[in-house]
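Structure file protein_37.txt with compact mmCIF, C-alpha atoms:
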# COMPACT_ATOMS: atom_id res chain seq x y z
CA MET A 1 0.00 0.00 0.00
CA ASN A 2 1.22 3.53 -0.78
CA THR A 3 1.40 5.03 2.73
CA GLU A 4 2.01 8.60 1.51
CA LEU A 5 -1.02 8.46 -0.78
CA PHE A 6 -3.18 7.07 2.04
CA ILE A 7 -2.18 9.87 4.44
CA ALA A 8 -2.76 12.50 1.74
CA ARG A 9 -6.27 11.16 1.12
CA ARG A 10 -7.07 11.31 4.83
CA LEU A 11 -5.82 14.89 5.02
CA PHE A 12 -7.81 15.84 1.89
CA SER A 13 -11.06 14.46 3.35
CA SER A 14 -10.36 15.67 6.90
CA LYS A 15 -13.00 17.85 8.58
CA ASP A 16 -10.71 18.94 11.40
CA GLN A 17 -12.18 22.11 12.89
CA ASP A 18 -8.87 23.04 14.50
CA GLN A 19 -7.40 23.82 11.09
CA LYS A 20 -9.85 26.58 10.18
CA MET A 21 -7.19 28.95 8.85
CA SER A 22 -5.60 26.40 6.53
CA ARG A 23 -9.00 25.21 5.26
CA ARG A 24 -9.96 28.79 4.45
CA ILE A 25 -6.72 29.48 2.58
CA VAL A 26 -6.91 26.16 0.76
CA ARG A 27 -10.43 26.99 -0.40
CA LEU A 28 -9.18 30.30 -1.77
CA ALA A 29 -6.35 28.49 -3.58
CA VAL A 30 -8.78 25.97 -5.10
CA ALA A 31 -11.10 28.81 -6.11
CA GLY A 32 -8.18 30.56 -7.80
CA ILE A 33 -7.37 27.42 -9.78
CA SER A 34 -11.02 27.04 -10.77
CA LEU A 35 -11.29 30.61 -12.03
CA GLY A 36 -7.96 30.31 -13.83
CA MET A 37 -9.00 27.11 -15.61
CA MET A 38 -12.37 28.64 -16.52
CA VAL A 39 -10.65 31.67 -18.07
CA MET A 40 -8.18 29.44 -19.98
CA ILE A 41 -10.96 27.25 -21.40
CA LEU A 42 -13.01 30.26 -22.50
CA ALA A 43 -9.96 32.07 -23.94
CA VAL A 44 -8.91 29.09 -26.07
CA ALA A 45 -12.51 28.27 -27.10
CA ILE A 46 -13.31 31.86 -28.12
CA VAL A 47 -10.06 32.55 -29.99
CA THR A 48 -10.07 29.24 -31.89
CA GLY A 49 -13.78 29.66 -32.59
CA PHE A 50 -13.17 33.18 -33.87
CA GLN A 51 -10.28 32.03 -36.06
CA ARG A 52 -12.26 29.13 -37.49
CA GLU A 53 -15.30 31.32 -38.19
CA ILE A 54 -13.32 33.97 -40.07
CA GLU A 55 -11.27 31.38 -41.98
CA ASP A 56 -14.43 29.56 -43.05
CA LYS A 57 -15.95 32.80 -44.33
CA VAL A 58 -12.87 33.85 -46.28
CA ASN A 59 -12.52 30.35 -47.74
CA GLY A 60 -16.20 30.32 -48.65
CA PHE A 61 -15.65 33.34 -50.89
CA ALA A 62 -12.26 32.50 -52.41
CA ALA A 63 -11.45 28.81 -51.63
CA HIS A 64 -8.22 27.53 -50.09
CA LEU A 65 -6.34 27.38 -53.40
CA GLN A 66 -6.94 28.85 -56.85
CA VAL A 67 -5.47 27.55 -60.10
CA VAL A 68 -5.30 30.51 -62.52
CA ASN A 69 -3.46 31.82 -65.56
CA TYR A 70 0.16 32.66 -64.81
CA ASP A 71 -0.35 36.13 -66.32
CA SER A 72 -3.25 36.93 -63.99
CA ASN A 73 -2.46 39.22 -61.07
CA PHE A 74 -4.38 39.66 -57.83
CA SER A 75 -7.01 41.84 -59.50
CA TYR A 76 -10.43 40.48 -60.40
CA GLN A 77 -10.03 41.13 -64.15
CA THR A 78 -8.37 37.85 -65.10
CA GLU A 79 -6.84 36.11 -68.10
CA PHE A 80 -8.57 32.93 -69.23
CA ILE A 81 -7.45 29.30 -69.09
CA ASN A 82 -8.93 26.24 -70.77
CA SER A 83 -11.47 24.41 -68.60
CA ARG A 84 -10.37 21.04 -70.03
CA GLN A 85 -7.16 20.52 -68.09
CA PRO A 86 -5.34 17.14 -68.18
CA PHE A 87 -4.62 17.22 -64.43
CA LEU A 88 -8.22 17.86 -63.38
CA ASP A 89 -9.24 14.25 -62.68
CA ASP A 90 -6.08 13.61 -60.65
CA LEU A 91 -6.64 16.84 -58.71
CA LYS A 92 -10.19 15.84 -57.77
CA ALA A 93 -8.94 12.38 -56.73
CA MET A 94 -6.41 13.74 -54.21
CA PRO A 95 -7.45 12.62 -50.70
CA GLU A 96 -6.62 16.06 -49.26
CA VAL A 97 -8.96 17.81 -51.71
CA ARG A 98 -12.62 18.16 -50.78
CA HIS A 99 -14.04 19.92 -53.85
CA VAL A 100 -12.94 21.56 -57.11
CA GLN A 101 -15.07 24.08 -59.01
CA GLN A 102 -14.59 26.47 -61.94
CA PHE A 103 -15.07 30.23 -61.67
CA ILE A 104 -14.74 33.57 -63.41
CA THR A 105 -14.41 36.97 -61.72
CA LYS A 106 -15.08 40.33 -63.31
CA PRO A 107 -15.57 43.83 -61.86
CA GLY A 108 -18.72 45.76 -62.70
CA MET A 109 -20.92 48.56 -61.45
CA ILE A 110 -24.52 48.47 -60.28
CA ARG A 111 -26.54 51.59 -60.98
CA THR A 112 -29.99 52.25 -59.62
CA GLU A 113 -32.06 55.42 -59.51
CA GLU A 114 -30.65 56.31 -56.08
CA ALA A 115 -27.13 54.86 -55.83
CA ILE A 116 -24.10 53.41 -57.59
CA GLN A 117 -22.08 50.47 -56.23
CA GLY A 118 -18.96 48.80 -57.60
CA MET A 119 -19.05 44.99 -57.38
CA VAL A 120 -17.00 41.92 -58.21
CA LEU A 121 -19.09 39.36 -60.07
CA LYS A 122 -18.16 35.77 -59.38
CA GLY A 123 -19.31 33.51 -62.16
CA ILE A 124 -20.31 30.02 -61.01
CA ALA A 125 -21.23 26.86 -62.90
CA ALA A 126 -23.18 23.70 -62.17
CA ASP A 127 -20.26 22.29 -60.13
CA PHE A 128 -20.55 25.13 -57.57
CA ASP A 129 -20.75 24.04 -53.92
CA TRP A 130 -23.63 25.97 -52.31
CA THR A 131 -22.92 24.80 -48.74
CA PHE A 132 -21.36 28.05 -47.52
CA PHE A 133 -23.93 30.38 -49.09
CA GLU A 134 -26.87 28.20 -48.06
CA LYS A 135 -25.58 28.43 -44.49
CA ASN A 136 -25.53 32.24 -44.74
CA LYS A 137 -28.66 32.66 -46.86
CA VAL A 138 -31.17 35.34 -45.90
CA ALA A 139 -33.67 34.76 -48.72
CA GLY A 140 -33.98 33.17 -52.13
CA GLN A 141 -33.13 29.90 -53.87
CA GLU A 142 -30.05 28.51 -55.58
CA ILE A 143 -29.38 29.89 -59.05
CA PRO A 144 -30.47 27.28 -61.65
CA LEU A 145 -27.18 26.60 -63.43
CA ASP A 146 -27.92 23.32 -65.19
CA SER A 147 -30.38 24.76 -67.72
CA LEU A 148 -30.40 27.83 -69.98
CA ARG A 149 -28.49 30.94 -68.99
CA THR A 150 -30.29 32.72 -66.16
CA ASN A 151 -30.36 36.39 -65.13
CA GLN A 152 -30.73 35.55 -61.44
CA VAL A 153 -27.92 36.72 -59.13
CA TRP A 154 -27.12 36.63 -55.42
CA ILE A 155 -26.20 39.83 -53.59
CA SER A 156 -25.41 40.48 -49.95
CA GLU A 157 -27.87 41.93 -47.48
CA GLN A 158 -25.55 44.92 -47.09
CA VAL A 159 -25.73 45.72 -50.80
CA SER A 160 -29.45 45.00 -50.79
CA ASN A 161 -30.03 47.59 -48.07
CA LEU A 162 -27.66 50.10 -49.66
CA LEU A 163 -29.29 49.94 -53.10
CA LYS A 164 -32.78 49.20 -51.76
CA LEU A 165 -33.06 45.99 -53.77
CA THR A 166 -35.27 43.15 -52.60
CA LEU A 167 -35.87 39.62 -53.82
CA GLY A 168 -37.18 39.65 -57.41
CA ASP A 169 -36.08 43.24 -58.17
CA SER A 170 -34.29 43.97 -61.46
CA PHE A 171 -31.27 46.26 -61.87
CA ARG A 172 -28.69 47.23 -64.47
CA MET A 173 -24.94 46.64 -64.41
CA TYR A 174 -22.23 48.31 -66.46
CA PHE A 175 -19.01 46.64 -67.63
CA LEU A 176 -15.99 48.07 -69.38
CA ASN A 177 -13.54 45.83 -71.23
CA GLU A 178 -10.09 46.72 -72.49
CA ASN A 179 -9.98 48.49 -75.84
CA GLU A 180 -13.68 49.39 -75.54
CA ARG A 181 -14.78 52.99 -75.06
CA THR A 182 -18.43 52.34 -74.34
CA PRO A 183 -19.56 50.13 -71.44
CA ARG A 184 -21.62 47.00 -71.89
CA ILE A 185 -24.96 46.96 -70.10
CA ARG A 186 -26.77 43.94 -68.69
CA GLN A 187 -29.93 43.60 -66.65
CA PHE A 188 -30.15 41.10 -63.80
CA GLU A 189 -32.67 39.97 -61.21
CA VAL A 190 -32.11 39.44 -57.47
CA GLY A 191 -32.61 35.71 -56.95
CA GLY A 192 -30.99 35.42 -53.52
CA ILE A 193 -29.65 37.46 -50.61
CA TYR A 194 -26.90 36.33 -48.23
CA ARG A 195 -25.23 37.75 -45.12
CA THR A 196 -21.90 36.43 -43.78
CA GLY A 197 -20.95 39.33 -41.49
CA LEU A 198 -17.61 39.64 -43.28
CA GLU A 199 -18.36 43.18 -44.39
CA GLU A 200 -15.27 43.54 -46.58
CA PHE A 201 -16.49 40.67 -48.76
CA ASP A 202 -20.24 41.15 -48.41
CA GLN A 203 -20.10 44.59 -50.01
CA MET A 204 -17.96 43.32 -52.88
CA PHE A 205 -19.04 39.88 -54.16
CA MET A 206 -22.08 38.95 -56.22
CA LEU A 207 -22.82 35.45 -57.55
CA ILE A 208 -23.85 35.12 -61.18
CA ASP A 209 -24.20 32.52 -63.93
CA ILE A 210 -20.71 31.95 -65.36
CA ARG A 211 -22.05 32.09 -68.94
CA HIS A 212 -22.83 35.80 -68.58
CA LEU A 213 -19.19 36.59 -67.83
CA GLN A 214 -17.96 34.41 -70.68
CA SER A 215 -20.18 36.43 -72.98
CA LEU A 216 -19.08 39.77 -71.51
CA ASN A 217 -15.41 38.80 -71.88
CA SER A 218 -16.00 37.43 -75.40
CA TRP A 219 -14.69 34.05 -74.22
CA GLU A 220 -15.57 30.61 -75.51
CA GLU A 221 -17.59 28.08 -73.48
CA ASP A 222 -14.42 26.26 -72.40
CA GLN A 223 -12.60 29.41 -71.19
CA ILE A 224 -12.68 30.34 -67.50
CA SER A 225 -10.64 32.35 -64.96
CA GLY A 226 -9.54 29.20 -63.16
CA TYR A 227 -10.40 26.53 -60.63
CA GLU A 228 -11.09 26.88 -56.91
CA VAL A 229 -9.76 24.05 -54.78
CA PHE A 230 -11.18 23.34 -51.31
CA VAL A 231 -9.06 21.19 -48.98
CA ASN A 232 -10.00 19.21 -45.90
CA ASP A 233 -7.46 20.79 -43.54
CA LEU A 234 -6.55 24.48 -43.73
CA ASN A 235 -3.47 23.87 -41.57
CA ALA A 236 -2.06 21.66 -44.34
CA VAL A 237 -2.86 24.05 -47.19
CA ASP A 238 0.81 25.00 -47.71
CA GLU A 239 1.85 21.37 -48.23
CA ILE A 240 -1.15 20.72 -50.48
CA GLU A 241 -0.25 23.80 -52.53
CA TYR A 242 3.11 22.25 -53.43
CA GLU A 243 1.44 18.94 -54.33
CA VAL A 244 -1.04 20.69 -56.63
CA ARG A 245 1.78 22.69 -58.21
CA ASP A 246 3.78 19.53 -58.87
CA LEU A 247 0.70 17.90 -60.39
CA ILE A 248 0.21 20.86 -62.75
CA LEU A 249 3.88 20.88 -63.78
CA ALA A 250 3.73 17.16 -64.52
CA ASN A 251 0.84 17.77 -66.93
CA LEU A 252 2.10 20.78 -68.86
CA VAL A 253 0.76 21.18 -72.38
CA ASP A 254 2.93 23.13 -74.83
CA ASP A 255 0.17 25.04 -76.55
CA GLU A 256 -1.78 25.90 -73.38
CA SER A 257 -1.35 28.83 -70.99
CA LEU A 258 1.04 28.51 -68.05
CA LEU A 259 -0.77 28.06 -64.75
CA ARG A 260 0.01 28.95 -61.16
CA VAL A 261 -1.47 28.18 -57.75
CA ILE A 262 -2.58 30.97 -55.40
CA ASN A 263 -2.73 30.25 -51.68
CA ILE A 264 -5.60 31.94 -49.82
CA LYS A 265 -3.18 32.99 -47.07
CA ARG A 266 -1.10 34.97 -49.56
CA LYS A 267 -4.11 36.43 -51.32
CA PHE A 268 -5.49 37.91 -48.10
CA PRO A 269 -2.39 38.17 -45.85
CA HIS A 270 -3.81 41.00 -43.71
CA ILE A 271 -6.66 38.78 -42.47
CA PHE A 272 -4.59 35.68 -41.73
CA ASP A 273 -1.73 37.65 -40.15
CA TRP A 274 -4.28 39.29 -37.86
CA LEU A 275 -5.73 35.91 -36.91
CA ASN A 276 -2.24 34.56 -36.15
CA LEU A 277 -1.61 37.47 -33.78
CA LEU A 278 -4.50 36.23 -31.64
CA ASP A 279 -2.46 33.11 -30.78
CA MET A 280 0.03 35.29 -28.90
CA ASN A 281 -2.79 36.77 -26.80
CA VAL A 282 -3.94 33.26 -25.87
CA TRP A 283 -0.45 32.18 -24.81
CA ILE A 284 -0.11 35.27 -22.61
CA ILE A 285 -3.47 34.56 -20.94
CA LEU A 286 -2.57 30.90 -20.38
CA LEU A 287 0.81 31.81 -18.87
CA LEU A 288 -0.71 34.38 -16.50
CA MET A 289 -3.49 32.07 -15.37
CA VAL A 290 -1.13 29.13 -14.72
CA LEU A 291 1.25 31.37 -12.74
CA VAL A 292 -1.61 32.76 -10.65
CA ALA A 293 -2.91 29.24 -9.96
CA GLY A 294 0.61 28.06 -9.10
CA PHE A 295 1.28 30.88 -6.65
CA ASN A 296 -2.12 30.28 -5.03
CA MET A 297 -1.20 26.66 -4.44
CA VAL A 298 2.29 27.57 -3.18
CA SER A 299 0.81 29.82 -0.50
CA GLY A 300 -1.78 27.18 0.38
CA LEU A 301 0.85 24.43 0.65
CA LEU A 302 3.09 26.54 2.91
CA VAL A 303 0.19 27.23 5.27
CA ILE A 304 -0.72 23.52 5.36
CA ILE A 305 2.88 22.56 6.14
CA LEU A 306 3.11 25.12 8.93
CA GLU A 307 -0.14 23.93 10.51
CA ARG A 308 0.89 20.27 10.18
CA THR A 309 4.32 20.57 11.81
CA GLN A 310 3.31 18.22 14.64
CA MET A 311 2.22 15.57 12.16
CA ILE A 312 5.48 16.02 10.26
CA GLY A 313 7.44 15.59 13.48
CA VAL A 314 5.56 12.41 14.37
CA LEU A 315 6.10 10.93 10.91
CA LYS A 316 9.82 11.69 11.05
CA SER A 317 10.13 10.25 14.55
CA LEU A 318 8.55 7.04 13.25
CA GLY A 319 11.30 6.80 10.65
CA ALA A 320 9.75 8.52 7.64
CA ALA A 321 12.35 10.15 5.39
CA ASN A 322 12.03 13.72 4.15
CA VAL A 323 11.19 12.53 0.65
CA ASN A 324 8.30 10.44 1.97
CA VAL A 325 6.86 13.35 3.94
CA ARG A 326 7.22 15.59 0.91
CA LYS A 327 5.25 13.07 -1.14
CA VAL A 328 2.38 13.31 1.34
CA PHE A 329 2.01 17.03 0.76
CA LEU A 330 2.58 16.78 -2.98
CA TYR A 331 -0.17 14.15 -3.23
CA LEU A 332 -2.41 16.40 -1.17
CA SER A 333 -1.63 19.31 -3.51
CA VAL A 334 -2.49 17.20 -6.56
CA PHE A 335 -5.88 16.35 -4.99
CA LEU A 336 -6.56 20.04 -4.35
CA ILE A 337 -5.43 21.05 -7.84
CA GLY A 338 -7.64 18.32 -9.32
CA GLN A 339 -10.60 19.64 -7.37
CA GLY A 340 -9.96 23.14 -8.67
CA LEU A 341 -9.57 21.89 -12.25
CA LEU A 342 -12.82 19.95 -11.99
CA TRP A 343 -14.82 23.02 -10.97
CA GLY A 344 -12.99 25.15 -13.53
CA ASN A 345 -13.87 22.71 -16.32
CA LEU A 346 -17.52 22.62 -15.27
CA LEU A 347 -17.78 26.42 -15.17
CA GLY A 348 -15.85 26.92 -18.41
CA LEU A 349 -17.86 24.32 -20.31
CA ALA A 350 -21.17 25.60 -18.94
CA LEU A 351 -20.45 29.19 -20.00
CA GLY A 352 -18.99 28.12 -23.35
CA LEU A 353 -21.93 25.88 -24.24
CA ALA A 354 -24.40 28.56 -23.12
CA GLN A 355 -22.79 31.06 -25.50
CA HIS A 356 -22.60 28.50 -28.31
CA TYR A 357 -26.25 27.48 -28.18
CA PHE A 358 -27.97 30.64 -26.92
CA GLU A 359 -25.63 33.35 -28.38
CA ILE A 360 -25.84 35.49 -25.26
CA ILE A 361 -23.01 37.93 -26.09
CA HIS A 362 -23.31 39.82 -29.38
CA LEU A 363 -20.65 41.69 -31.34
CA ASP A 364 -20.57 44.43 -33.96
CA PRO A 365 -19.96 42.62 -37.29
CA THR A 366 -18.41 45.73 -38.85
CA SER A 367 -15.54 45.49 -36.36
CA TYR A 368 -15.33 41.76 -35.57
CA TYR A 369 -16.77 40.14 -38.75
CA VAL A 370 -19.18 38.04 -36.63
CA ASP A 371 -22.54 38.77 -35.00
CA THR A 372 -21.94 36.82 -31.78
CA VAL A 373 -18.94 35.56 -29.83
CA PRO A 374 -18.00 32.24 -31.52
CA VAL A 375 -17.03 29.29 -29.32
CA ASN A 376 -15.09 26.21 -30.41
CA ILE A 377 -14.90 23.56 -27.67
CA SER A 378 -12.36 20.84 -28.48
CA ILE A 379 -11.72 17.71 -26.40
CA LEU A 380 -8.05 17.87 -27.36
CA HIS A 381 -7.76 21.45 -26.10
CA LEU A 382 -9.45 20.50 -22.81
CA VAL A 383 -7.09 17.57 -22.25
CA LEU A 384 -3.99 19.64 -23.05
CA LEU A 385 -5.12 22.51 -20.81
CA ASN A 386 -5.83 20.24 -17.85
CA VAL A 387 -2.65 18.19 -18.18
CA GLY A 388 -0.54 21.30 -18.71
CA ALA A 389 -2.05 23.15 -15.74
CA LEU A 390 -1.65 20.10 -13.48
CA VAL A 391 1.97 19.50 -14.47
CA VAL A 392 3.07 23.15 -14.24
CA THR A 393 1.39 23.88 -10.90
CA THR A 394 2.66 20.61 -9.37
CA PHE A 395 6.17 21.42 -10.61
CA MET A 396 5.94 24.84 -8.94
CA LEU A 397 5.19 23.08 -5.63
CA LEU A 398 8.42 21.06 -5.63
CA GLY A 399 10.39 24.00 -4.22
CA PRO A 400 8.06 24.82 -1.28
CA SER A 401 7.82 21.11 -0.42
CA TYR A 402 11.53 21.16 0.53
CA PHE A 403 10.47 23.21 3.54
CA VAL A 404 9.47 19.89 5.14
CA SER A 405 13.14 18.91 5.48
CA ARG A 406 13.80 21.93 7.72
CA ILE A 407 11.29 20.79 10.32
CA SER A 408 13.00 18.90 13.16
CA PRO A 409 10.98 16.16 14.90
CA GLU A 410 12.77 16.87 18.23
CA LYS A 411 11.74 20.52 18.31
CA THR A 412 8.15 19.93 17.25
CA ILE A 413 7.56 17.14 19.79
CA ARG A 414 9.33 19.02 22.60
CA PHE A 415 7.31 22.16 21.76
CA GLU A 416 4.05 20.23 21.92
I'd like the structure from this file rewritten - as C-alpha cells, please.
Amino acid sequence: MNTELFIARRLFSSKDQDQKMSRRIVRLAVAGISLGMMVMILAVAIVTGFQREIEDKVNGFAAHLQVVNYDSNFSYQTEFINSRQPFLDDLKAMPEVRHVQQFITKPGMIRTEEAIQGMVLKGIAADFDWTFFEKNKVAGQEIPLDSLRTNQVWISEQVSNLLKLTLGDSFRMYFLNENERTPRIRQFEVGGIYRTGLEEFDQMFMLIDIRHLQSLNSWEEDQISGYEVFVNDLNAVDEIEYEVRDLILANLVDDESLLRVINIKRKFPHIFDWLNLLDMNVWIILLLMVLVAGFNMVSGLLVIILERTQMIGVLKSLGAANVNVRKVFLYLSVFLIGQGLLWGNLLGLALGLAQHYFEIIHLDPTSYYVDTVPVNISILHLVLLNVGALVVTTFMLLGPSYFVSRISPEKTIRFE
C-alpha cells in the first residue's frame, strides 16, 4: 500500500475544525485554480472559434487554393485558361482535396435610380458548392445553373439595403472591357440574398451565372478564370499547394497557358496575419493564469505545512524520510489542484456551451466580422489545458515542499 497516498487522502477528506485557517486558505487556492481554468478554457474556445469562423468565411468566398493563368495578377479582371485541363481528374482524386469548381471573376458597377455600387461578379457553374452560401442565406433559392443561362444573381444583405433591392427586383450593371470605349450593359434579377458578417467581402461579391461573364469577356464556353480548390485541412494548405503545383507541372501542355497556384493565405495576408496574432494573446493569458494558480497553491501548501508541523514531526520520529513526507504534501496538492480543475472545467464548459447554443453575447460585425462571440470547444484542447495546468502547478510546488526537510521532529515534539 502507498502510505504517503493514504495519508494525503485522509488529510484531503479531513473535517478537522482546528485547522480553520488552513481550510480557508486552501479553499481560496482551489477557487483561484477554478477561475484560472475557466478563463483558460473560454480564452482558447473563443479565440479558436473566432479564427475558425473567419477562416471559413474567407474560404467560402475565395477557396483555399486557386489555379489561374500565370499572367493573372491579384485583381479580379483575369486572363482565361482552358477548362479542359489534363490534371483535373487527378486533382479531384487527391485525398486532401474536398471539392474543385470552376469560376470567373469580373468587376462591374450596379446603378440604380438612387445609388451606384462597384461589385466583383463571381461567375459560377453547375459544379458550384452551395454549402457556404446556403448556411448564410437570408432569402432566395439557388441559381439554376444546369439549364439555360439565367439572369438571377445573389447579392449580400448589405448591398441589398444600400441599393434598396429586394428579392425579385431587377437592376442594371455596367461593364468596361479593355480596348472598348463604351460600357456594356446587362440587366439582372435578385434571386438570392446572403449575409456572412464579413463586411469587406459582403459589399464586394455577387454570384452570377458563369455564362454571362464568358459572354461579356467574349470568351468561348471552355474558357474560365480558373479553378477553386477546397481542402479538408486548412493547416495543411501550404503542403497541399506544393502537391497541386507539382501535379500541374507534370501535366504541362505546350500550346496551353502557363498556370500557377494561389494560396488563400497569400491572397489575403492581412486577415490571416491578424488571426495569427490572436495566438500570442492566448499564450499570454494561459501563462498568466497558470502562474496565478501556481502561486495560489504555493501559498496554500506553505500554510498547510506550517499547521501540520506536529504531524510532520511524528512521521519523522517514526522513521519517515524527508522525501516520503514531501510526497504526502505533494499528493495532497495534486488532490486540491484536481478539485480546482474539476470546478474550472464545469464552469468553463457551462459558460462556453451557453454562449454556443444561446448566443448570449453579441458583437458588432463591422468590427469583428461576426454577430456573436463564436465558441469552439475541443476535447483535445481540454485535455492539453488540464494536463498542462496540473503539471506546471505541481512542478511549482516542488520547491516549497523542501520546507518539510527543515522541520526537526525533536523541536516539534518538545514544543508540543
- [ ] Using all atoms listed in the file, find the one residue out of A:Ser160, A:Gln223, A:Thr3, A:Asn263 that sits nearest to Tyr242 (chain A).
- [x]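 The shortest atom-to-atom distance to Tyr242 (chain A) comes from A:Asn263.
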Open item on the list: Between A:Val404, A:Val30, A:Leu397, A:Val68, which residue has the minimum interatomic distance to Ile312 (chain A), considering only C-alpha atoms?
Closed with: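 Ranked by minimum distance to Ile312 (chain A), first place goes to A:Val404.
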Task: Distance in Å - CA of Leu258 (chain A) versus CA of Glu241 (chain A) - done: 16.3 Å
Task: Straight-line distance linking CA of Pro365 (chain A) with CA of Met289 (chain A), stated in Å to one decimal - done: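 Interatomic distance, CA of Pro365 (chain A) to CA of Met289 (chain A): 29.4 Å.
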Task: Distance of CA of Leu398 (chain A) from CA of Leu35 (chain A), expressed in Å to one decimal place - done: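 For CA of Leu35 (chain A) relative to CA of Leu398 (chain A), the distance reads 22.8 Å.
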TODO: Tell me which of A:Asn151, A:Ser333, A:Asn251, A:Thr394 sits closest to Pro86 (chain A), counting only C-alpha atoms.
DONE: A:Asn251
TODO: Using all atoms listed in the file, find the one residue out of A:Thr48, A:Thr150, A:Gln355, A:Ser408 that sits nearest to Ile208 (chain A).
DONE: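 Looking only at the distances to Ile208 (chain A), the closest residue turns out to be A:Thr150.
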Do you know which residues are at most 8 Å from Leu65 (chain A) counting only C-alpha atoms, after dropping those on the same chain fewer than 5 positions away, and could you put them as an mmCIF file with C-alpha atoms, keeping the file's coordinate frame?
data_model
loop_
_atom_site.group_PDB
_atom_site.id
_atom_site.type_symbol
_atom_site.label_atom_id
_atom_site.label_comp_id
_atom_site.auth_asym_id
_atom_site.auth_seq_id
_atom_site.Cartn_x
_atom_site.Cartn_y
_atom_site.Cartn_z
ATOM 1 C CA GLU A 228 -11.090 26.880 -56.910
ATOM 2 C CA VAL A 229 -9.760 24.050 -54.780
ATOM 3 C CA PHE A 230 -11.180 23.340 -51.310
ATOM 4 C CA VAL A 237 -2.860 24.050 -47.190
ATOM 5 C CA GLU A 241 -0.250 23.800 -52.530
ATOM 6 C CA VAL A 261 -1.470 28.180 -57.750
ATOM 7 C CA ILE A 262 -2.580 30.970 -55.400
ATOM 8 C CA ASN A 263 -2.730 30.250 -51.680
ATOM 9 C CA ILE A 264 -5.600 31.940 -49.820
#
Leaving out Leu390 (chain A) and any residue of its chain fewer than 3 positions from it, which residues lie within 8 Å of it when counting all atoms listed in the file, given as a CSV table (one decimal) with C-alpha atoms, in the frame of the given file?
chain,number,residue,atom,x,y,z
A,334,VAL,CA,-2.5,17.2,-6.6
A,337,ILE,CA,-5.4,21.0,-7.8
A,338,GLY,CA,-7.6,18.3,-9.3
A,386,ASN,CA,-5.8,20.2,-17.8
A,387,VAL,CA,-2.6,18.2,-18.2
A,393,THR,CA,1.4,23.9,-10.9
A,394,THR,CA,2.7,20.6,-9.4
Task: Selected residue of minimal separation from Ile248 (chain A) among A:Phe205, A:Tyr70, A:Phe133, A:Tyr357, counting all atoms listed in the file - done: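 Answer, going by the shortest atom-to-atom distance: A:Tyr70.
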Task: Which residue of A:Phe395, A:Phe61, A:Trp154, A:Phe295 approaches Ile193 (chain A) most closely, using all atoms listed in the file - done: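 The closest residue to Ile193 (chain A) is A:Trp154.
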Task: Shell around His99 (chain A) at 12 Å using only C-alpha atoms, local window under 2 positions removed, as a list in words - done: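 Selected residues are Gly60, Ala63, His64, Leu65, Gln66, Leu88, Asp89, Leu91, Lys92, Ala93, Met94, Pro95, Glu96, Val97, Gln101, Gln102, Asp127, Phe128, Asp129, Trp130, Thr131, Tyr227, Glu228, Val229, Phe230, Val231 and Asn232 of chain A.
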Open item on the list: Residues proximal to (-10.6, 32.9, -24.0) were defined as those with any atom within 10 Å of that point in the file's coordinates, counting all atoms listed in the file. Which are they, as a list in words?
Closed with: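 Counting all atoms listed in the file, I find these residues within 10 Å of (-10.6, 32.9, -24.0): Met38, Val39, Met40, Ile41, Leu42, Ala43, Val44, Ala45, Ile46, Val47, Thr48, Gly49, Asn281, Val282, Ile285, Leu286, Gly348, Gly352 and Val375 of chain A.
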- [ ] Step by step: start from the point (6.9, 12.4, 18.0) in the file's coordinates, keep every protein, DNA or RNA residue that has an atom no farther than 7 Å from it, count only C-alpha atoms, and write the set as a PyMOL selection string.
- [x] chain A and resi 313-314+317+409+413
Could you build a table of the residues in region 201-300 of chain A lying no more than 10 Å from region 79-82 of chain A, giving for each the nearest pair of atoms and their separation in Å rounded to one decimal place, using all atoms listed in the file, ordered by chain and ascending residue number, as a Markdown table?
| residue | atom | partner | partner_atom | distance |
| --- | --- | --- | --- | --- |
| A:Gln214 | CA | A:Phe80 | CA | 9.6 |
| A:Asn217 | CA | A:Phe80 | CA | 9.4 |
| A:Trp219 | CA | A:Phe80 | CA | 8.0 |
| A:Glu220 | CA | A:Asn82 | CA | 9.3 |
| A:Glu221 | CA | A:Asn82 | CA | 9.3 |
| A:Asp222 | CA | A:Asn82 | CA | 5.7 |
| A:Gln223 | CA | A:Asn82 | CA | 4.9 |
| A:Ile224 | CA | A:Phe80 | CA | 5.2 |
| A:Ser225 | CA | A:Phe80 | CA | 4.8 |
| A:Gly226 | CA | A:Ile81 | CA | 6.3 |
| A:Tyr227 | CA | A:Ile81 | CA | 9.4 |
| A:Glu256 | CA | A:Asn82 | CA | 7.6 |
| A:Ser257 | CA | A:Ile81 | CA | 6.4 |
| A:Leu258 | CA | A:Ile81 | CA | 8.6 |
| A:Leu259 | CA | A:Ile81 | CA | 8.1 |
List as CSV every residue of region 104-174 of chain A that is in contact with region 182-185 of chain A, defined as an atom at most 8 Å from one of its atoms (using only C-alpha atoms), together with the nearest atom pair and the distance in Å rounded to one decimal, sorted by chain and then rising number.
residue,atom,partner,partner_atom,distance
A:Arg172,CA,A:Ile185,CA,6.8
A:Met173,CA,A:Ile185,CA,5.7
A:Tyr174,CA,A:Ile185,CA,4.7
- [ ] Mind checking which residues fall within 10 Å of Ile25 (chain A), counting only C-alpha atoms, ignoring those fewer than 2 positions away in the same chain, and posting them as JSON, numbers by chain?
- [x] {"A": [20, 21, 22, 23, 27, 28, 29, 30, 31, 296, 297, 299, 300, 301, 303, 304]}
